[in-house]
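Listing of coords_15.pdb, PDB, C-alpha atoms and all ligand atoms
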```pdb
MODEL        1
ATOM      1  CA  MET I 240     171.442  20.417 144.785
ATOM      2  CA  SER I 241     168.026  18.888 144.871
ATOM      3  CA  ALA I 242     166.104  18.369 148.068
ATOM      4  CA  ILE I 243     163.704  15.814 149.437
ATOM      5  CA  LEU I 244     160.454  17.635 150.122
ATOM      6  CA  ALA I 245     157.836  17.006 152.791
ATOM      7  CA  VAL I 246     154.798  15.172 151.408
ATOM      8  CA  ALA I 247     151.293  16.322 152.360
ATOM      9  CA  GLN I 248     149.153  13.625 153.904
ATOM     10  CA  ARG I 249     145.484  12.761 153.472
ATOM     11  CA  GLY I 250     143.329  15.180 155.482
ATOM     12  CA  GLU I 251     145.453  18.231 154.666
ATOM     13  CA  VAL I 252     143.620  21.010 152.839
ATOM     14  CA  ILE I 253     146.244  21.413 150.092
ATOM     15  CA  LEU I 254     145.265  17.970 148.751
ATOM     16  CA  THR I 255     141.635  19.026 148.303
ATOM     17  CA  LEU I 256     142.271  22.195 146.276
ATOM     18  CA  LYS I 257     142.092  22.677 142.535
ATOM     19  CA  ALA I 258     145.640  23.640 141.609
ATOM     20  CA  ALA I 259     146.380  26.739 139.521
ATOM     21  CA  SER I 260     147.861  26.583 136.039
ATOM     22  CA  VAL I 261     151.527  27.391 135.580
ATOM     23  CA  VAL I 262     151.687  30.754 133.822
ATOM     24  CA  GLU I 263     153.958  31.644 130.932
ATOM     25  CA  SER I 264     156.393  33.713 132.999
ATOM     26  CA  GLU I 265     157.008  30.657 135.209
ATOM     27  CA  LEU I 266     157.991  28.396 132.326
ATOM     28  CA  ASN I 267     161.708  27.733 132.059
ATOM     29  CA  SER I 268     162.276  29.648 135.320
ATOM     30  CA  SER I 269     164.753  28.477 137.917
ATOM     31  CA  TRP I 270     161.840  28.243 140.363
ATOM     32  CA  LEU I 271     160.026  25.751 138.129
ATOM     33  CA  ASN I 272     163.137  23.784 137.213
ATOM     34  CA  GLU I 273     164.199  23.450 140.851
ATOM     35  CA  LEU I 274     160.705  22.461 141.943
ATOM     36  CA  ALA I 275     160.570  19.754 139.265
ATOM     37  CA  GLU I 276     163.985  18.451 140.294
ATOM     38  CA  ASP I 277     163.000  18.354 143.973
ATOM     39  CA  MET I 278     159.703  16.641 143.136
ATOM     40  CA  GLN I 279     161.579  14.004 141.162
ATOM     41  CA  THR I 280     164.083  13.444 143.966
ATOM     42  CA  THR I 281     161.222  13.123 146.445
ATOM     43  CA  MET I 282     159.339  10.671 144.222
ATOM     44  CA  ILE I 283     162.383   8.454 143.744
ATOM     45  CA  GLU I 284     163.356   8.603 147.421
ATOM     46  CA  ARG I 285     159.837   7.544 148.424
ATOM     47  CA  ASN I 286     159.656   4.818 145.744
ATOM     48  CA  GLY I 287     156.739   6.491 143.997
ATOM     49  CA  VAL I 288     155.846   6.108 140.331
ATOM     50  CA  GLY I 289     154.322   9.561 140.162
ATOM     51  CA  ILE I 290     153.987  12.789 142.092
ATOM     52  CA  ALA I 291     151.941  15.960 141.806
ATOM     53  CA  ALA I 292     152.967  19.435 143.002
ATOM     54  CA  PRO I 293     150.122  19.758 145.559
ATOM     55  CA  GLN I 294     151.646  16.745 147.321
ATOM     56  CA  VAL I 295     154.682  18.903 148.100
ATOM     57  CA  TYR I 296     152.564  21.887 149.144
ATOM     58  CA  VAL I 297     152.657  23.717 145.816
ATOM     59  CA  SER I 298     149.165  24.207 144.410
ATOM     60  CA  LYS I 299     150.240  24.307 140.769
ATOM     61  CA  ARG I 300     149.445  22.048 137.830
ATOM     62  CA  ILE I 301     152.705  20.098 137.600
ATOM     63  CA  ILE I 302     153.035  16.314 137.682
ATOM     64  CA  ILE I 303     155.842  13.826 137.221
ATOM     65  CA  VAL I 304     155.194  10.368 135.876
ATOM     66  CA  ALA I 305     157.790   7.603 135.997
ATOM     67  CA  LEU I 306     157.547   5.718 132.737
ATOM     68  CA  ARG I 307     159.357   2.466 132.198
ATOM     69  CA  TYR I 308     159.586   1.665 128.526
ATOM     70  CA  PRO I 309     160.020  -1.936 127.428
ATOM     71  CA  ASP I 310     163.703  -2.723 126.798
ATOM     72  CA  ALA I 311     164.776   0.337 128.802
ATOM     73  CA  PRO I 312     166.494  -0.479 132.078
ATOM     74  CA  GLU I 313     166.095   3.012 133.460
ATOM     75  CA  ILE I 314     162.945   4.778 134.556
ATOM     76  CA  ASP I 315     162.192   7.892 132.576
ATOM     77  CA  ALA I 316     160.628  10.549 134.804
ATOM     78  CA  VAL I 317     158.586  12.843 132.602
ATOM     79  CA  VAL I 318     157.623  16.274 133.924
ATOM     80  CA  MET I 319     154.243  17.467 132.654
ATOM     81  CA  VAL I 320     153.125  21.060 133.145
ATOM     82  CA  ASN I 321     149.424  21.988 132.838
ATOM     83  CA  PRO I 322     148.467  18.457 131.727
ATOM     84  CA  GLU I 323     145.100  18.212 130.031
ATOM     85  CA  ILE I 324     143.327  14.967 129.228
ATOM     86  CA  LEU I 325     141.994  15.481 125.696
ATOM     87  CA  GLU I 326     140.418  12.062 125.228
ATOM     88  CA  GLN I 327     139.954   8.987 127.311
ATOM     89  CA  SER I 328     138.646   5.552 126.485
ATOM     90  CA  GLU I 329     135.265   4.533 127.811
ATOM     91  CA  SER I 330     136.670   1.122 128.557
ATOM     92  CA  THR I 331     138.222   0.991 131.983
ATOM     93  CA  ILE I 332     140.429  -1.456 133.784
ATOM     94  CA  LEU I 333     140.711  -2.115 137.473
ATOM     95  CA  GLY I 334     144.111  -1.910 139.035
ATOM     96  CA  GLU I 335     145.728  -1.483 142.404
ATOM     97  CA  GLU I 336     146.879   1.991 143.430
ATOM     98  CA  GLY I 337     148.715   3.523 146.324
ATOM     99  CA  CYS I 338     149.760   7.101 147.010
ATOM    100  CA  LEU I 339     152.598   8.883 148.795
ATOM    101  CA  SER I 340     149.921  10.974 150.524
ATOM    102  CA  VAL I 341     147.924   7.959 151.711
ATOM    103  CA  PRO I 342     150.450   5.679 153.394
ATOM    104  CA  ASN I 343     149.613   2.062 154.162
ATOM    105  CA  GLU I 344     146.521   1.990 152.012
ATOM    106  CA  ARG I 345     146.077   0.432 148.600
ATOM    107  CA  GLY I 346     142.932  -0.181 146.627
ATOM    108  CA  GLN I 347     141.372  -1.123 143.315
ATOM    109  CA  VAL I 348     140.480   1.810 141.092
ATOM    110  CA  ALA I 349     138.835   1.742 137.658
ATOM    111  CA  ARG I 350     140.692   3.934 135.150
ATOM    112  CA  SER I 351     140.403   4.507 131.436
ATOM    113  CA  GLU I 352     142.653   2.106 129.566
ATOM    114  CA  MET I 353     143.757   4.847 127.164
ATOM    115  CA  ILE I 354     144.147   8.576 127.466
ATOM    116  CA  LYS I 355     145.301  11.245 125.073
ATOM    117  CA  LEU I 356     147.141  13.963 126.942
ATOM    118  CA  ARG I 357     148.457  17.420 126.143
ATOM    119  CA  TYR I 358     151.029  19.032 128.401
ATOM    120  CA  LEU I 359     153.869  21.528 128.405
ATOM    121  CA  THR I 360     157.490  20.713 129.048
ATOM    122  CA  LEU I 361     159.445  22.750 131.609
ATOM    123  CA  GLN I 362     160.570  24.909 128.695
ATOM    124  CA  GLY I 363     156.980  25.467 127.563
ATOM    125  CA  GLU I 364     156.976  23.188 124.542
ATOM    126  CA  SER I 365     153.544  21.672 123.879
ATOM    127  CA  VAL I 366     153.445  17.866 123.663
ATOM    128  CA  GLU I 367     150.621  15.489 122.828
ATOM    129  CA  ALA I 368     150.939  11.849 123.785
ATOM    130  CA  VAL I 369     148.815   8.719 124.101
ATOM    131  CA  PHE I 370     149.190   6.415 127.091
ATOM    132  CA  HIS I 371     147.792   2.961 127.685
ATOM    133  CA  GLY I 372     147.504   0.710 130.708
ATOM    134  CA  PHE I 373     149.678   1.428 133.727
ATOM    135  CA  PRO I 374     151.202   4.705 132.485
ATOM    136  CA  ALA I 375     147.675   5.917 131.630
ATOM    137  CA  ARG I 376     146.636   4.973 135.165
ATOM    138  CA  ILE I 377     149.483   6.956 136.746
ATOM    139  CA  VAL I 378     148.681  10.043 134.674
ATOM    140  CA  GLN I 379     144.991   9.894 135.663
ATOM    141  CA  HIS I 380     145.927   9.461 139.348
ATOM    142  CA  GLU I 381     148.279  12.472 139.218
ATOM    143  CA  VAL I 382     145.848  14.682 137.276
ATOM    144  CA  ASP I 383     143.258  13.870 139.957
ATOM    145  CA  HIS I 384     145.660  15.377 142.531
ATOM    146  CA  LEU I 385     145.568  18.644 140.564
ATOM    147  CA  ASN I 386     141.789  18.640 140.985
ATOM    148  CA  GLY I 387     141.861  17.862 144.684
ATOM    149  CA  VAL I 388     140.917  14.201 144.356
ATOM    150  CA  LEU I 389     142.595  11.228 146.045
ATOM    151  CA  PHE I 390     142.388   7.660 144.742
ATOM    152  CA  VAL I 391     140.651   6.516 147.932
ATOM    153  CA  GLU I 392     137.630   8.564 146.828
ATOM    154  CA  LYS I 393     137.482   6.485 143.640
ATOM    155  CA  MET I 394     137.995   3.018 145.018
ATOM    156  CA  ASP I 395     135.643   0.421 143.639
ATOM    157  CA  LEU I 396     133.443  -0.456 146.579
ATOM    158  CA  SER I 397     131.340  -2.833 144.490
ATOM    159  CA  LEU I 398     134.214  -5.269 144.785
ATOM    160  CA  ILE I 399     133.861  -5.262 148.526
ATOM    161  CA  GLU I 400     130.062  -5.472 148.397
ATOM    162  CA  SER I 401     130.159  -8.446 146.067
ATOM    163  CA  LEU I 402     132.317 -10.490 148.419
TER     164      LEU I 402
HETATM  165 ZN    ZN U 501     148.873  10.085 144.743
ENDMDL
END
```
What would the structure in this file look like if it were written as structure tokens?
Ligand code: ZN
Amino acid sequence: MSAILAVAQRGEVILTLKAASVVESELNSSWLNELAEDMQTTMIERNGVGIAAPQVYVSKRIIIVALRYPDAPEIDAVVMVNPEILEQSESTILGEEGCLSVPNERGQVARSEMIKLRYLTLQGESVEAVFHGFPARIVQHEVDHLNGVLFVEKMDLSLIESL
């Protein structure tokens, strides 16, 4: 049975830490599988499109990204362990972001349009994938969580200044 976990809120120390890598002995463990299931349940319950383990008080490099493929009615929640951005485009696009840890605040953030990512599955299989646009944005937002960074620290203030 999966559980809905408490979500850390902006200002809490856990959200400012650099999370530790998942080690080999943790891969394919019931601890990791249950954590991933609970994170997914929490993300769906809170209507998120992504979640990172530090948001549920686990300082480990695990993220879940909800990908919606064209023609697919269902959201595919992909668990990524120890994600590593291998390449990212210099060209960025602005887009609106929100965060389960920063309620009632949304803002424009510039993100690379394309990223190439390497991550492990829950079973420890290495995967490389390229993401564009919104999925690339979600991955970058979640990887930031693993490095103790919130989107509000990256909001494009020039937009406000130019008004
Ligand atoms: Zn977030």
For I:Ser298, the nearest of the candidates I:Ala368, I:Ala245, I:Met240, I:Ala258, counting all atoms listed in the file: I:Ala258
Contacts to ligand ZN 501 (chain U) at 7 Å cut-off (only C-alpha atoms and all ligand atoms) as an NGL selection string: :I and (290 or 337-340 or 380-381 or 384 or 389-390)
I'd like to see the residues matched by the PyMOL selection byres (((chain I and resi 322-324) around 7) and not hetatm) on this file, and ideally I'd get them as an mmCIF file with C-alpha atoms, keeping the file's coordinate frame.
```cif
data_model
loop_
_atom_site.group_PDB
_atom_site.id
_atom_site.type_symbol
_atom_site.label_atom_id
_atom_site.label_comp_id
_atom_site.auth_asym_id
_atom_site.auth_seq_id
_atom_site.Cartn_x
_atom_site.Cartn_y
_atom_site.Cartn_z
ATOM 1 C CA MET I 319 154.243 17.467 132.654
ATOM 2 C CA VAL I 320 153.125 21.060 133.145
ATOM 3 C CA ASN I 321 149.424 21.988 132.838
ATOM 4 C CA LEU I 325 141.994 15.481 125.696
ATOM 5 C CA GLU I 326 140.418 12.062 125.228
ATOM 6 C CA ILE I 354 144.147 8.576 127.466
ATOM 7 C CA LYS I 355 145.301 11.245 125.073
ATOM 8 C CA LEU I 356 147.141 13.963 126.942
ATOM 9 C CA ARG I 357 148.457 17.420 126.143
ATOM 10 C CA TYR I 358 151.029 19.032 128.401
#
```
Nearest to I:Leu333 by atom-to-atom distance, counting only C-alpha atoms, from I:Gly363, I:Gly372, I:Gly289, I:Pro312: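 Among the listed residues, the smallest separation from I:Leu333 belongs to I:Gly372.
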Of the listed residues I:Met394, I:Arg285, I:Val252, I:Asn386, that which approaches I:Lys299 most closely, counting only C-alpha atoms: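 Ranked by minimum distance to I:Lys299, first place goes to I:Asn386.
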Shell around I:Thr281 at 8 Å using all atoms listed in the file, local window under 6 positions removed, as a ChimeraX atom specification: /I:242-244
Distance of atom CA of I:His371 from atom CA of I:Asn286, expressed in Å to one decimal place: 21.7 Å
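With distances restricted to all atoms listed in the file, I:Arg376 is the closest residue to I:Glu352 from I:Arg376, I:Lys393, I:Lys257, I:Arg307.
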Which residue of I:Thr360, I:Gln294, I:Gln379, I:Thr255 approaches I:Leu271 most closely, using all atoms listed in the file: I:Thr360
Pairwise distance for atom CA of I:Gly346 and atom CA of I:Val382, rounded to one decimal in Å: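 Straight-line distance from atom CA of I:Gly346 to atom CA of I:Val382 works out to 17.8 Å.
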